[in-house]
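Source file: target-v9.cif. Holds: mmCIF, C-alpha atoms.
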data_start
loop_
_atom_site.label_atom_id
_atom_site.label_comp_id
_atom_site.auth_asym_id
_atom_site.auth_seq_id
_atom_site.Cartn_x
_atom_site.Cartn_y
_atom_site.Cartn_z
CA MET A 25 0.00 0.00 0.00
CA ILE A 26 1.23 3.49 -0.93
CA ASN A 27 1.13 5.91 2.00
CA THR A 28 0.86 9.63 1.41
CA ASP A 29 -0.56 12.82 2.89
CA ILE A 30 -2.59 13.88 -0.12
CA CYS A 31 -3.86 11.71 -2.93
CA ILE A 32 -4.60 13.72 -6.07
CA ILE A 33 -6.88 12.13 -8.65
CA GLY A 34 -5.93 13.53 -12.05
CA ALA A 35 -2.44 14.53 -13.17
CA GLY A 36 -3.46 17.40 -15.44
CA PRO A 37 -2.02 20.91 -15.00
CA VAL A 38 -4.12 21.67 -11.94
CA GLY A 39 -3.35 18.36 -10.22
CA LEU A 40 0.35 18.90 -10.91
CA PHE A 41 0.39 22.45 -9.56
CA ALA A 42 -1.49 21.28 -6.46
CA VAL A 43 1.63 19.23 -5.63
CA PHE A 44 3.62 22.47 -5.50
CA GLU A 45 1.17 24.19 -3.18
CA ALA A 46 1.06 21.09 -0.96
CA GLY A 47 4.86 20.91 -0.98
CA LEU A 48 5.23 24.44 0.33
CA LEU A 49 3.22 23.25 3.33
CA LYS A 50 5.35 20.09 3.71
CA MET A 51 2.58 17.79 2.54
CA ARG A 52 3.46 14.83 0.32
CA CYS A 53 1.39 13.94 -2.74
CA HIS A 54 0.62 10.87 -4.78
CA LEU A 55 -1.14 11.33 -8.13
CA ILE A 56 -3.31 8.84 -9.99
CA ASP A 57 -4.35 9.22 -13.62
CA ALA A 58 -6.19 6.95 -16.04
CA LEU A 59 -3.95 8.09 -18.88
CA PRO A 60 -0.50 6.54 -19.25
CA GLN A 61 1.19 9.97 -19.11
CA VAL A 62 0.87 13.14 -17.02
CA GLY A 63 -0.63 16.35 -18.38
CA GLY A 64 -4.30 15.42 -18.78
CA GLN A 65 -5.98 16.81 -21.87
CA LEU A 66 -3.02 19.12 -22.54
CA SER A 67 -0.80 16.15 -23.33
CA GLU A 68 -3.52 13.85 -24.63
CA ILE A 69 -5.51 16.19 -26.87
CA TYR A 70 -3.54 19.31 -27.76
CA PRO A 71 0.16 19.04 -26.80
CA GLN A 72 1.30 21.37 -29.59
CA LYS A 73 -1.40 24.03 -29.20
CA PRO A 74 -0.34 27.38 -27.79
CA ILE A 75 -2.05 28.67 -24.64
CA TYR A 76 -2.19 32.45 -24.21
CA ASP A 77 -3.77 32.97 -20.79
CA ILE A 78 -1.22 31.58 -18.35
CA PRO A 79 0.00 34.56 -16.28
CA GLY A 80 3.61 35.39 -17.10
CA TYR A 81 3.61 33.41 -20.33
CA PRO A 82 2.51 35.45 -23.37
CA GLU A 83 2.39 32.12 -25.17
CA VAL A 84 3.20 28.59 -24.08
CA LYS A 85 2.65 25.25 -25.80
CA ALA A 86 0.43 22.89 -23.81
CA GLN A 87 3.10 20.20 -23.47
CA GLU A 88 5.69 22.81 -22.52
CA LEU A 89 3.46 23.98 -19.68
CA VAL A 90 3.13 20.39 -18.47
CA ASP A 91 6.91 19.86 -18.67
CA ASN A 92 7.49 23.08 -16.73
CA LEU A 93 5.00 22.06 -14.05
CA MET A 94 6.80 18.71 -13.68
CA GLU A 95 10.05 20.63 -13.24
CA GLN A 96 8.44 22.96 -10.71
CA ILE A 97 7.14 20.14 -8.49
CA LYS A 98 10.29 18.02 -8.66
CA PRO A 99 11.62 19.28 -5.28
CA PHE A 100 8.56 17.78 -3.61
CA ASN A 101 9.09 14.29 -4.98
CA PRO A 102 5.54 13.42 -5.98
CA THR A 103 4.80 9.78 -6.77
CA PHE A 104 2.53 8.60 -9.58
CA THR A 105 0.21 5.77 -10.52
CA LEU A 106 -0.49 6.19 -14.24
CA GLY A 107 -2.72 4.23 -16.61
CA GLU A 108 -5.03 3.18 -13.80
CA ARG A 109 -8.50 4.43 -12.99
CA VAL A 110 -9.61 5.15 -9.44
CA ASP A 111 -12.41 2.72 -8.75
CA HIS A 112 -13.07 2.61 -5.06
CA LEU A 113 -12.85 4.88 -2.05
CA ALA A 114 -13.04 3.57 1.54
CA LYS A 115 -13.18 5.82 4.59
CA GLN A 116 -11.09 4.59 7.53
CA ASP A 117 -12.01 4.88 11.24
CA ASP A 118 -9.50 7.72 11.73
CA GLY A 119 -11.05 9.77 8.93
CA SER A 120 -8.37 8.96 6.34
CA PHE A 121 -9.08 7.17 3.06
CA VAL A 122 -7.90 4.14 1.13
CA ILE A 123 -8.25 4.38 -2.64
CA THR A 124 -8.22 1.31 -4.88
CA THR A 125 -7.54 1.54 -8.60
CA SER A 126 -8.69 -0.57 -11.54
CA ASP A 127 -5.40 -2.51 -11.26
CA LYS A 128 -5.85 -2.96 -7.48
CA THR A 129 -3.17 -0.45 -6.50
CA GLN A 130 -4.00 0.89 -3.03
CA VAL A 131 -3.22 4.37 -1.75
CA HIS A 132 -3.73 5.49 1.84
CA ALA A 133 -4.12 9.27 2.25
CA GLN A 134 -5.33 11.81 4.80
CA VAL A 135 -6.92 13.98 2.13
CA ILE A 136 -8.35 13.31 -1.34
CA VAL A 137 -8.17 15.96 -4.05
CA ILE A 138 -10.23 15.37 -7.17
CA ALA A 139 -8.57 17.25 -10.03
CA GLY A 140 -10.11 15.06 -12.68
CA GLY A 141 -10.89 17.62 -15.38
CA LEU A 142 -13.81 16.34 -17.40
CA GLY A 143 -13.40 12.86 -15.99
CA CYS A 144 -11.14 10.03 -16.97
CA PHE A 145 -10.45 9.33 -20.59
CA GLU A 146 -12.02 6.06 -21.60
CA PRO A 147 -11.95 4.33 -24.95
CA ARG A 148 -14.78 5.01 -27.38
CA LYS A 149 -16.54 1.74 -28.06
CA PRO A 150 -17.92 0.47 -31.34
CA VAL A 151 -21.64 -0.19 -31.54
CA LEU A 152 -21.78 -3.99 -31.40
CA GLU A 153 -24.60 -5.92 -29.84
CA ASN A 154 -22.74 -8.28 -27.52
CA LEU A 155 -19.58 -6.19 -27.07
CA GLU A 156 -19.65 -6.23 -23.27
CA THR A 157 -19.86 -10.04 -23.10
CA PHE A 158 -16.45 -10.23 -24.73
CA GLU A 159 -14.69 -7.37 -22.93
CA GLY A 160 -11.62 -8.87 -21.32
CA LYS A 161 -12.40 -12.12 -23.17
CA GLY A 162 -10.87 -11.14 -26.46
CA VAL A 163 -12.02 -7.53 -26.78
CA VAL A 164 -9.44 -5.08 -25.41
CA TYR A 165 -9.28 -1.32 -25.90
CA MET A 166 -5.67 -0.71 -24.98
CA VAL A 167 -2.43 -2.52 -25.71
CA LYS A 168 -0.78 -2.69 -22.29
CA ASN A 169 1.58 -5.58 -22.85
CA PRO A 170 2.20 -6.47 -26.52
CA GLU A 171 3.35 -9.97 -25.48
CA THR A 172 -0.31 -10.78 -24.72
CA PHE A 173 -0.78 -10.97 -28.48
CA ARG A 174 2.21 -13.18 -29.31
CA ASP A 175 1.21 -15.86 -31.82
CA LYS A 176 -2.44 -14.82 -31.63
CA LYS A 177 -4.86 -13.80 -34.34
CA VAL A 178 -5.55 -10.10 -33.83
CA VAL A 179 -8.10 -7.82 -35.49
CA ILE A 180 -7.49 -4.09 -35.09
CA ALA A 181 -10.28 -1.65 -35.98
CA GLY A 182 -9.77 2.05 -36.62
CA GLY A 183 -7.89 4.40 -38.89
CA GLY A 184 -6.05 6.80 -36.62
CA ASP A 185 -2.43 6.90 -35.54
CA SER A 186 -2.80 4.35 -32.76
CA ALA A 187 -4.51 1.82 -35.07
CA LEU A 188 -1.68 2.25 -37.60
CA ASP A 189 1.10 2.15 -35.00
CA TRP A 190 -0.17 -0.98 -33.28
CA THR A 191 -0.77 -2.72 -36.59
CA ILE A 192 2.87 -2.12 -37.51
CA TYR A 193 4.14 -3.18 -34.08
CA LEU A 194 1.99 -6.27 -33.72
CA ALA A 195 2.69 -7.44 -37.29
CA ASP A 196 5.93 -8.93 -35.90
CA VAL A 197 4.41 -10.27 -32.71
CA ALA A 198 1.02 -11.73 -33.53
CA GLU A 199 0.37 -14.82 -35.66
CA ARG A 200 -1.79 -12.66 -37.92
CA VAL A 201 -2.90 -9.04 -37.82
CA THR A 202 -5.96 -7.80 -39.69
CA LEU A 203 -6.56 -4.07 -39.83
CA VAL A 204 -10.13 -3.02 -40.53
CA HIS A 205 -10.79 0.56 -41.60
CA ARG A 206 -13.99 2.11 -42.85
CA ASN A 207 -12.35 4.22 -45.58
CA GLU A 208 -9.99 3.65 -48.48
CA THR A 209 -7.31 5.94 -47.10
CA PHE A 210 -5.85 6.80 -43.70
CA ARG A 211 -5.71 10.26 -42.19
CA GLY A 212 -3.04 9.28 -39.68
CA ALA A 213 0.69 9.99 -40.09
CA PRO A 214 1.55 9.41 -43.80
CA ASP A 215 4.69 7.47 -42.82
CA SER A 216 2.72 4.98 -40.78
CA ALA A 217 0.04 4.70 -43.44
CA SER A 218 2.55 3.84 -46.16
CA LYS A 219 4.21 1.29 -43.84
CA VAL A 220 0.83 -0.37 -43.33
CA PHE A 221 0.20 -0.50 -47.09
CA ASP A 222 3.69 -2.02 -47.56
CA LEU A 223 3.01 -4.67 -44.93
CA ALA A 224 -0.26 -5.54 -46.66
CA ASN A 225 1.34 -5.68 -50.11
CA ASN A 226 4.03 -8.00 -48.77
CA GLY A 227 1.42 -10.26 -47.25
CA LYS A 228 2.56 -9.59 -43.67
CA ILE A 229 -0.85 -8.32 -42.58
CA ASP A 230 -4.39 -8.37 -43.89
CA LEU A 231 -5.79 -4.94 -44.66
CA ILE A 232 -9.54 -4.70 -45.12
CA LEU A 233 -10.66 -1.27 -46.25
CA SER A 234 -14.12 0.25 -46.62
CA ALA A 235 -15.47 -2.18 -44.07
CA ASN A 236 -17.16 -1.88 -40.69
CA LEU A 237 -17.38 -4.15 -37.67
CA LYS A 238 -20.69 -5.95 -37.75
CA GLU A 239 -20.73 -8.75 -35.22
CA ILE A 240 -18.49 -10.63 -32.79
CA ASN A 241 -18.95 -14.22 -31.79
CA GLY A 242 -17.44 -16.96 -29.70
CA ASP A 243 -18.12 -19.60 -27.12
CA GLY A 244 -17.13 -17.82 -23.90
CA THR A 245 -14.15 -16.11 -25.48
CA LEU A 246 -13.88 -14.31 -28.81
CA GLU A 247 -13.52 -16.59 -31.85
CA THR A 248 -14.70 -14.65 -34.89
CA VAL A 249 -15.22 -11.08 -36.02
CA LYS A 250 -17.76 -10.41 -38.74
CA LEU A 251 -17.31 -7.40 -41.02
CA GLU A 252 -19.48 -5.80 -43.63
CA ASN A 253 -17.96 -4.10 -46.66
CA LYS A 254 -19.36 -1.34 -48.87
CA ALA A 255 -21.13 -3.86 -51.09
CA LYS A 256 -22.89 -5.14 -47.94
CA GLU A 257 -21.03 -8.44 -48.20
CA GLU A 258 -20.14 -10.12 -44.93
CA ILE A 259 -16.61 -11.24 -44.18
CA THR A 260 -15.85 -13.49 -41.20
CA ILE A 261 -12.36 -13.54 -39.70
CA ASP A 262 -11.01 -15.92 -37.05
CA ALA A 263 -9.78 -13.83 -34.13
CA ASP A 264 -8.39 -14.35 -30.63
CA TYR A 265 -8.41 -10.60 -30.04
CA LEU A 266 -10.29 -7.57 -31.30
CA ILE A 267 -8.69 -4.21 -30.52
CA PRO A 268 -11.06 -1.33 -31.39
CA LEU A 269 -9.04 1.92 -31.48
CA PHE A 270 -11.50 4.78 -31.92
CA GLY A 271 -9.92 7.32 -29.60
CA LEU A 272 -10.73 8.35 -26.06
CA SER A 273 -13.56 10.29 -24.53
CA PRO A 274 -13.86 11.63 -20.99
CA LYS A 275 -16.31 10.05 -18.54
CA LEU A 276 -16.91 10.98 -14.90
CA GLY A 277 -16.64 7.31 -13.99
CA PRO A 278 -16.86 5.86 -10.46
CA ILE A 279 -16.42 9.30 -8.84
CA ALA A 280 -20.12 9.77 -9.57
CA ASP A 281 -20.89 7.13 -6.91
CA TRP A 282 -18.96 8.65 -4.01
CA GLY A 283 -21.86 10.52 -2.47
CA LEU A 284 -20.65 13.92 -3.67
CA SER A 285 -23.07 16.55 -4.82
CA ILE A 286 -22.91 16.53 -8.63
CA ASP A 287 -24.45 18.97 -11.09
CA LYS A 288 -24.08 18.31 -14.83
CA ASN A 289 -21.00 16.10 -14.48
CA ALA A 290 -19.28 18.59 -12.16
CA ILE A 291 -18.76 18.43 -8.38
CA GLU A 292 -20.32 21.22 -6.34
CA VAL A 293 -17.85 22.82 -3.95
CA ASP A 294 -17.72 25.45 -1.21
CA THR A 295 -15.72 28.36 -2.64
CA THR A 296 -14.09 29.23 0.70
CA ASP A 297 -11.78 26.23 0.29
CA TYR A 298 -13.09 24.13 -2.65
CA SER A 299 -14.18 21.38 -0.27
CA THR A 300 -16.94 19.01 -1.30
CA GLY A 301 -19.79 18.01 0.98
CA VAL A 302 -17.67 15.08 2.20
CA ASP A 303 -15.00 15.81 4.85
CA ARG A 304 -11.40 15.65 3.58
CA ILE A 305 -12.43 15.46 -0.08
CA TYR A 306 -11.73 18.53 -2.22
CA ALA A 307 -12.38 19.16 -5.92
CA ILE A 308 -10.37 21.64 -8.01
CA GLY A 309 -10.06 22.57 -11.68
CA ASP A 310 -12.52 21.79 -14.46
CA ILE A 311 -14.25 19.06 -12.46
CA ASN A 312 -15.76 21.42 -9.87
CA THR A 313 -18.58 23.89 -10.22
CA TYR A 314 -19.74 26.93 -8.27
CA GLU A 315 -21.42 30.25 -8.92
CA GLY A 316 -19.29 32.11 -11.45
CA LYS A 317 -17.01 29.15 -12.23
CA LEU A 318 -14.66 29.59 -15.18
CA LYS A 319 -13.01 26.50 -16.62
CA LEU A 320 -9.56 28.01 -16.95
CA ILE A 321 -6.21 26.52 -15.98
CA LEU A 322 -5.34 29.69 -14.08
CA CYS A 323 -8.52 29.42 -11.98
CA GLY A 324 -7.57 25.82 -11.16
CA PHE A 325 -4.15 27.01 -9.97
CA HIS A 326 -5.82 29.50 -7.63
CA GLU A 327 -8.16 26.83 -6.33
CA ALA A 328 -5.20 24.52 -5.65
CA ALA A 329 -3.47 27.12 -3.46
CA ILE A 330 -6.54 27.89 -1.35
CA MET A 331 -7.49 24.22 -1.09
CA MET A 332 -4.09 23.03 0.17
CA HIS A 333 -4.10 25.61 2.96
CA SER A 334 -7.45 24.23 4.06
CA ALA A 335 -6.22 20.61 3.87
CA PHE A 336 -3.24 21.36 6.17
CA LYS A 337 -5.39 20.86 9.27
CA TYR A 338 -6.06 17.22 8.36
CA VAL A 339 -2.40 16.38 7.67
CA TYR A 340 -0.96 18.32 10.65
CA PRO A 341 -3.83 18.56 13.14
CA ASP A 342 -1.50 19.71 15.96
CA GLN A 343 0.27 22.47 14.04
CA LYS A 344 -0.68 26.03 13.36
CA LEU A 345 -0.44 27.02 9.71
CA SER A 346 1.55 30.15 9.01
CA PHE A 347 1.42 31.64 5.54
CA LYS A 348 4.82 32.19 3.91
CA TYR A 349 5.99 33.59 0.58
CA THR A 350 8.39 31.59 -1.61
CA THR A 351 10.40 34.82 -2.03
CA VAL A 352 11.07 34.79 1.72
CA ASN A 353 11.32 31.08 2.39
CA GLY A 354 12.39 29.64 -0.93
CA VAL A 355 11.36 26.16 -1.98
CA ASN A 356 12.48 23.60 0.55
CA ALA A 357 12.75 20.23 -1.10
CA PHE A 358 11.95 16.99 0.68
CA MET B 12 -30.70 36.15 -36.21
CA VAL B 13 -31.01 32.68 -37.73
CA THR B 14 -33.45 29.98 -36.77
CA PHE B 15 -32.69 26.29 -36.99
CA THR B 16 -33.87 23.05 -35.40
CA VAL B 17 -32.00 20.80 -33.01
CA GLU B 18 -32.91 17.15 -32.47
CA ASP B 19 -31.57 15.59 -29.25
CA HIS B 20 -30.50 11.98 -28.69
CA ASP B 21 -34.10 10.99 -27.89
CA GLY B 22 -35.45 12.52 -31.10
CA ASN B 23 -37.05 15.58 -29.47
CA ARG B 24 -36.90 18.63 -31.69
CA GLN B 25 -36.59 22.25 -30.64
CA SER B 26 -36.33 25.44 -32.64
CA ILE B 27 -33.34 27.61 -31.73
CA GLU B 28 -32.79 31.25 -32.58
CA ALA B 29 -29.25 32.57 -32.47
CA PRO B 30 -27.41 35.77 -33.43
CA ASP B 31 -25.38 35.37 -36.62
CA ASP B 32 -23.14 38.39 -36.13
CA MET B 33 -21.19 37.42 -33.01
CA GLY B 34 -18.79 34.87 -34.44
CA LEU B 35 -20.36 32.07 -32.40
CA SER B 36 -20.09 28.41 -33.25
CA LEU B 37 -22.93 25.92 -33.27
CA MET B 38 -21.20 24.12 -30.38
CA GLU B 39 -21.35 27.27 -28.25
CA ILE B 40 -25.06 27.74 -28.97
CA LEU B 41 -25.78 24.06 -28.19
CA LYS B 42 -24.00 24.41 -24.85
CA ALA B 43 -25.75 27.69 -24.10
CA SER B 44 -29.06 25.96 -24.87
CA GLU B 45 -28.19 23.34 -22.20
CA TYR B 46 -27.69 20.47 -24.61
CA PRO B 47 -25.32 17.80 -23.23
CA VAL B 48 -22.33 18.67 -25.38
CA LEU B 49 -18.99 18.15 -23.61
CA ALA B 50 -16.76 20.12 -26.01
CA THR B 51 -13.71 18.83 -24.15
CA CYS B 52 -11.18 20.65 -26.28
CA GLY B 53 -13.12 23.91 -26.17
CA GLY B 54 -13.64 24.22 -29.92
CA MET B 55 -10.30 23.30 -31.49
CA ALA B 56 -11.70 20.38 -33.53
CA LEU B 57 -9.57 18.03 -31.47
CA CYS B 58 -11.93 15.85 -29.45
CA ALA B 59 -15.08 15.15 -31.51
CA THR B 60 -17.33 15.43 -28.44
CA CYS B 61 -19.54 17.93 -30.32
CA HIS B 62 -20.36 15.51 -33.14
CA VAL B 63 -23.64 16.37 -34.92
CA GLU B 64 -25.37 15.12 -38.06
CA VAL B 65 -26.94 17.62 -40.45
CA LEU B 66 -30.35 16.14 -41.29
CA GLU B 67 -31.55 19.07 -43.41
CA GLY B 68 -29.74 22.04 -44.92
CA GLU B 69 -26.46 20.28 -45.68
CA ASP B 70 -26.23 21.88 -49.14
CA ALA B 71 -26.01 25.39 -47.68
CA LEU B 72 -23.72 24.36 -44.83
CA GLY B 73 -21.20 22.54 -46.96
CA GLU B 74 -19.12 19.50 -46.16
CA ALA B 75 -16.95 18.73 -43.19
CA THR B 76 -13.48 20.26 -43.46
CA ASP B 77 -10.25 18.26 -43.29
CA VAL B 78 -9.70 19.02 -39.61
CA GLU B 79 -13.20 17.74 -38.86
CA LEU B 80 -12.70 14.60 -40.93
CA ASP B 81 -9.48 13.87 -39.02
CA GLN B 82 -11.67 13.46 -35.94
CA LEU B 83 -14.88 12.14 -37.47
CA GLU B 84 -13.23 9.30 -39.37
CA ASN B 85 -11.78 7.94 -36.16
CA LEU B 86 -15.12 7.70 -34.38
CA PRO B 87 -16.80 4.31 -34.02
CA GLU B 88 -19.70 5.71 -36.04
CA TYR B 89 -20.19 8.70 -38.34
CA PHE B 90 -22.52 9.72 -41.11
CA PRO B 91 -22.20 11.26 -44.60
CA THR B 92 -23.35 14.66 -43.27
CA SER B 93 -21.57 14.49 -39.91
CA ARG B 94 -19.94 17.71 -38.67
CA LEU B 95 -18.18 18.94 -35.57
CA ALA B 96 -20.48 21.62 -34.16
CA CYS B 97 -17.47 23.67 -33.04
CA GLN B 98 -16.51 24.16 -36.69
CA VAL B 99 -19.99 25.23 -37.85
CA ARG B 100 -20.40 29.03 -37.65
CA ILE B 101 -23.72 30.53 -36.69
CA SER B 102 -24.33 32.17 -40.07
CA PRO B 103 -27.26 32.75 -42.48
CA GLU B 104 -26.41 29.37 -44.08
CA LEU B 105 -27.80 27.71 -40.95
CA GLU B 106 -31.31 29.13 -41.53
CA GLY B 107 -33.85 26.29 -41.58
CA ALA B 108 -31.28 23.55 -40.98
CA VAL B 109 -32.03 20.50 -38.83
CA ILE B 110 -29.15 19.35 -36.64
CA LYS B 111 -29.11 16.04 -34.78
CA LEU B 112 -26.86 15.45 -31.77
CA ARG B 113 -24.66 12.41 -32.33
CA GLY B 114 -22.04 10.45 -30.45
CA GLU B 115 -22.31 8.68 -27.13
CA ASP B 116 -19.93 10.98 -25.33
CA ASN B 117 -22.46 13.11 -23.61
#

Would you give me this structure, written as structure tokens?
Amino acid sequence: MINTDICIIGAGPVGLFAVFEAGLLKMRCHLIDALPQVGGQLSEIYPQKPIYDIPGYPEVKAQELVDNLMEQIKPFNPTFTLGERVDHLAKQDDGSFVITTSDKTQVHAQVIVIAGGLGCFEPRKPVLENLETFEGKGVVYMVKNPETFRDKKVVIAGGGDSALDWTIYLADVAERVTLVHRNETFRGAPDSASKVFDLANNGKIDLILSANLKEINGDGTLETVKLENKAKEEITIDADYLIPLFGLSPKLGPIADWGLSIDKNAIEVDTTDYSTGVDRIYAIGDINTYEGKLKLILCGFHEAAIMMHSAFKYVYPDQKLSFKYTTVNGVNAF
Amino acid sequence: MVTFTVEDHDGNRQSIEAPDDMGLSLMEILKASEYPVLATCGGMALCATCHVEVLEGEDALGEATDVELDQLENLPEYFPTSRLACQVRISPELEGAVIKLRGEDN
């Protein structure tokens, strides 16, 4: 079990900056994020887009801001659990919490900070009748360990960069890779697209264009994937795995079941300290809502500072908090 | 002002009137009208959470642009007249159009 003072759910810009504000008050942080990298939507959706409303930066690229935040919080040694979704929250007798993730990682913390943005990014699913029956039994939405697919028959569906990249990678690993795409051409990176066409021309993979997923079947585990092409002909392929790669979309997820007051997918907070209705749970950044709320990174930074000063009393119940400037005290690493 | 019709996920239709001289996007009007549109990326055509299908009026509105197609073609499902609402300007071309909310993101 990981032990920390503050567990921050969401490693986007606001979650990252919260580590800095906690660090100034000598509170340790552990961050959990469903994405495999830090930065939230900045890194996932628009890493190369310039942002113009970060105070002190006339212009900064989204990924650059994330990199700078990582640099800024380094002295406070935050720890991370990435690529796992927070599933369960259990209150302990002493008021602290134990969080359990989708991969059964456990984190014990005095205070929980939800900095989850619009929720956790989850894979978009194709519309197939019995899809859920086969999830984890042949249907997977993410390639975590490529070795899982060694000597297996794999069908990949999608036409974006990740579908192209995994097709190329798994071509050498799997027994057979079939890439199914609804169009004749790919809009992903031209390099990857031409590699995929080469692999198909050399007979290393099967490329089925202008076709859609129609049906999946199997006895307990996935055995076949049925496609339909433009001419409405059905094609059945033997498959141990189907990997649909249609991008990610944010969902509030299990947080919705934690007894917090939620309005339109956002958590209602008290603006004196951004606390939720549940003791020791705070919500900052895009995931919270209050009268006059603006979904801006800079507002999330402000919320993080106020919120950490409020959380101090739970981490150091016997100490009096005194406010200090970094210009006077510096940044004292730990 | 232009007037157009919005059909929600349940098939309910509502007439919407919006100013066509403020540089607004259809996504912004849908959000302002309390439709469940996430618009995660804020209107940069980068997330496809404002996916709509143009049921009527597609000739005036024109086809999806390349940046929209980059997103739309990666969705599990899209239609010949699919658009990203964030890339559709509130303009006279929208007069009389019927827009259906699409996608399961919301």

TODO: Run through the PyMOL selection byres ((chain A and resi 217-230) around 8) on the given coordinates and return the selected residues as a ChimeraX atom specification.
DONE: /A:188,191-192,195,200-203,210,212-216,231-232

- [ ] Given the file shown, determine the residues that the PyMOL selection byres ((chain A) within 9 of (chain B)) selects; report them as a VMD selection string.
- [x] chain A and resid 65 69 to 70 142 148 to 151 182 to 184 206 to 207 210 to 212 268 to 275 288

Check which residues satisfy the PyMOL selection byres ((chain B and resi 28-39) around 10) in the file shown, then give them as a CSV table (one decimal) with C-alpha atoms, in the frame of the given file.
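Generated output (out22.csv):
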chain,number,residue,atom,x,y,z
B,12,MET,CA,-30.7,36.2,-36.2
B,13,VAL,CA,-31.0,32.7,-37.7
B,14,THR,CA,-33.4,30.0,-36.8
B,15,PHE,CA,-32.7,26.3,-37.0
B,16,THR,CA,-33.9,23.0,-35.4
B,25,GLN,CA,-36.6,22.2,-30.6
B,26,SER,CA,-36.3,25.4,-32.6
B,27,ILE,CA,-33.3,27.6,-31.7
B,40,ILE,CA,-25.1,27.7,-29.0
B,41,LEU,CA,-25.8,24.1,-28.2
B,42,LYS,CA,-24.0,24.4,-24.8
B,43,ALA,CA,-25.8,27.7,-24.1
B,44,SER,CA,-29.1,26.0,-24.9
B,45,GLU,CA,-28.2,23.3,-22.2
B,46,TYR,CA,-27.7,20.5,-24.6
B,48,VAL,CA,-22.3,18.7,-25.4
B,49,LEU,CA,-19.0,18.2,-23.6
B,50,ALA,CA,-16.8,20.1,-26.0
B,53,GLY,CA,-13.1,23.9,-26.2
B,54,GLY,CA,-13.6,24.2,-29.9
B,60,THR,CA,-17.3,15.4,-28.4
B,61,CYS,CA,-19.5,17.9,-30.3
B,62,HIS,CA,-20.4,15.5,-33.1
B,63,VAL,CA,-23.6,16.4,-34.9
B,95,LEU,CA,-18.2,18.9,-35.6
B,96,ALA,CA,-20.5,21.6,-34.2
B,97,CYS,CA,-17.5,23.7,-33.0
B,98,GLN,CA,-16.5,24.2,-36.7
B,99,VAL,CA,-20.0,25.2,-37.8
B,100,ARG,CA,-20.4,29.0,-37.6
B,101,ILE,CA,-23.7,30.5,-36.7
B,102,SER,CA,-24.3,32.2,-40.1
B,103,PRO,CA,-27.3,32.8,-42.5
B,104,GLU,CA,-26.4,29.4,-44.1
B,105,LEU,CA,-27.8,27.7,-41.0
B,106,GLU,CA,-31.3,29.1,-41.5
B,110,ILE,CA,-29.2,19.4,-36.6

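The smallest atom-to-atom distance between Ala42 (chain A) and any of A:Tyr349, A:Tyr306, A:Tyr165, A:Phe145, using all atoms listed in the file, is found for A:Tyr306.
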
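With CA of Val62 (chain A) on one side and CA of Asn289 (chain A) on the other, the separation reads 22.2 Å.
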
- [ ] Please measure the separation of CA of Glu258 (chain A) and CA of Met166 (chain A), giving the value in Å to one decimal.
- [x]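 We find that CA of Glu258 (chain A) and CA of Met166 (chain A) lie 26.4 Å from each other.
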
- [ ] For Phe104 (chain A), please output as a PyMOL selection string all residues within 6 Å (counting all atoms listed in the file; exclusion window: fewer than 3 positions along the same chain).
- [x] chain A and resi 54-56

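With all atoms listed in the file as the basis for measurement, A:Leu251 is the residue among A:Ile30, A:Val197, A:Leu246, A:Leu251 that approaches Ser234 (chain A) most closely.
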
- [ ] Would you kindly identify which residues have an atom no farther than 10 Å from (-13.5, 26.2, 3.3), using only C-alpha atoms and the file's own coordinates, and write them out as a ChimeraX atom specification?
- [x] /A:293-300,306,330-331,333-335

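Using all atoms listed in the file, the contacts of Gly36 (chain A) at a cut-off of 10 Å, with sequence neighbours closer than 4 positions omitted, comprise A:Leu40, A:Phe41, A:Ala42, A:Leu55, A:Asp57, A:Leu59, A:Gln61, A:Val62, A:Gly63, A:Gly64, A:Gln65, A:Leu66, A:Ser67, A:Glu68, A:Val90, A:Leu93, A:Ala139, A:Gly140, A:Gly141, A:Gly309, A:Ile321.
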
Residues from last step as file, C-alpha atoms, as a PDB file, in the frame of the given file:
ATOM      1  CA  LEU A  40       0.350  18.900 -10.910  1.00  0.00           C
ATOM      2  CA  PHE A  41       0.390  22.450  -9.560  1.00  0.00           C
ATOM      3  CA  ALA A  42      -1.490  21.280  -6.460  1.00  0.00           C
ATOM      4  CA  LEU A  55      -1.140  11.330  -8.130  1.00  0.00           C
ATOM      5  CA  ASP A  57      -4.350   9.220 -13.620  1.00  0.00           C
ATOM      6  CA  LEU A  59      -3.950   8.090 -18.880  1.00  0.00           C
ATOM      7  CA  GLN A  61       1.190   9.970 -19.110  1.00  0.00           C
ATOM      8  CA  VAL A  62       0.870  13.140 -17.020  1.00  0.00           C
ATOM      9  CA  GLY A  63      -0.630  16.350 -18.380  1.00  0.00           C
ATOM     10  CA  GLY A  64      -4.300  15.420 -18.780  1.00  0.00           C
ATOM     11  CA  GLN A  65      -5.980  16.810 -21.870  1.00  0.00           C
ATOM     12  CA  LEU A  66      -3.020  19.120 -22.540  1.00  0.00           C
ATOM     13  CA  SER A  67      -0.800  16.150 -23.330  1.00  0.00           C
ATOM     14  CA  GLU A  68      -3.520  13.850 -24.630  1.00  0.00           C
ATOM     15  CA  VAL A  90       3.130  20.390 -18.470  1.00  0.00           C
ATOM     16  CA  LEU A  93       5.000  22.060 -14.050  1.00  0.00           C
ATOM     17  CA  ALA A 139      -8.570  17.250 -10.030  1.00  0.00           C
ATOM     18  CA  GLY A 140     -10.110  15.060 -12.680  1.00  0.00           C
ATOM     19  CA  GLY A 141     -10.890  17.620 -15.380  1.00  0.00           C
ATOM     20  CA  GLY A 309     -10.060  22.570 -11.680  1.00  0.00           C
ATOM     21  CA  ILE A 321      -6.210  26.520 -15.980  1.00  0.00           C
TER      22      ILE A 321
END
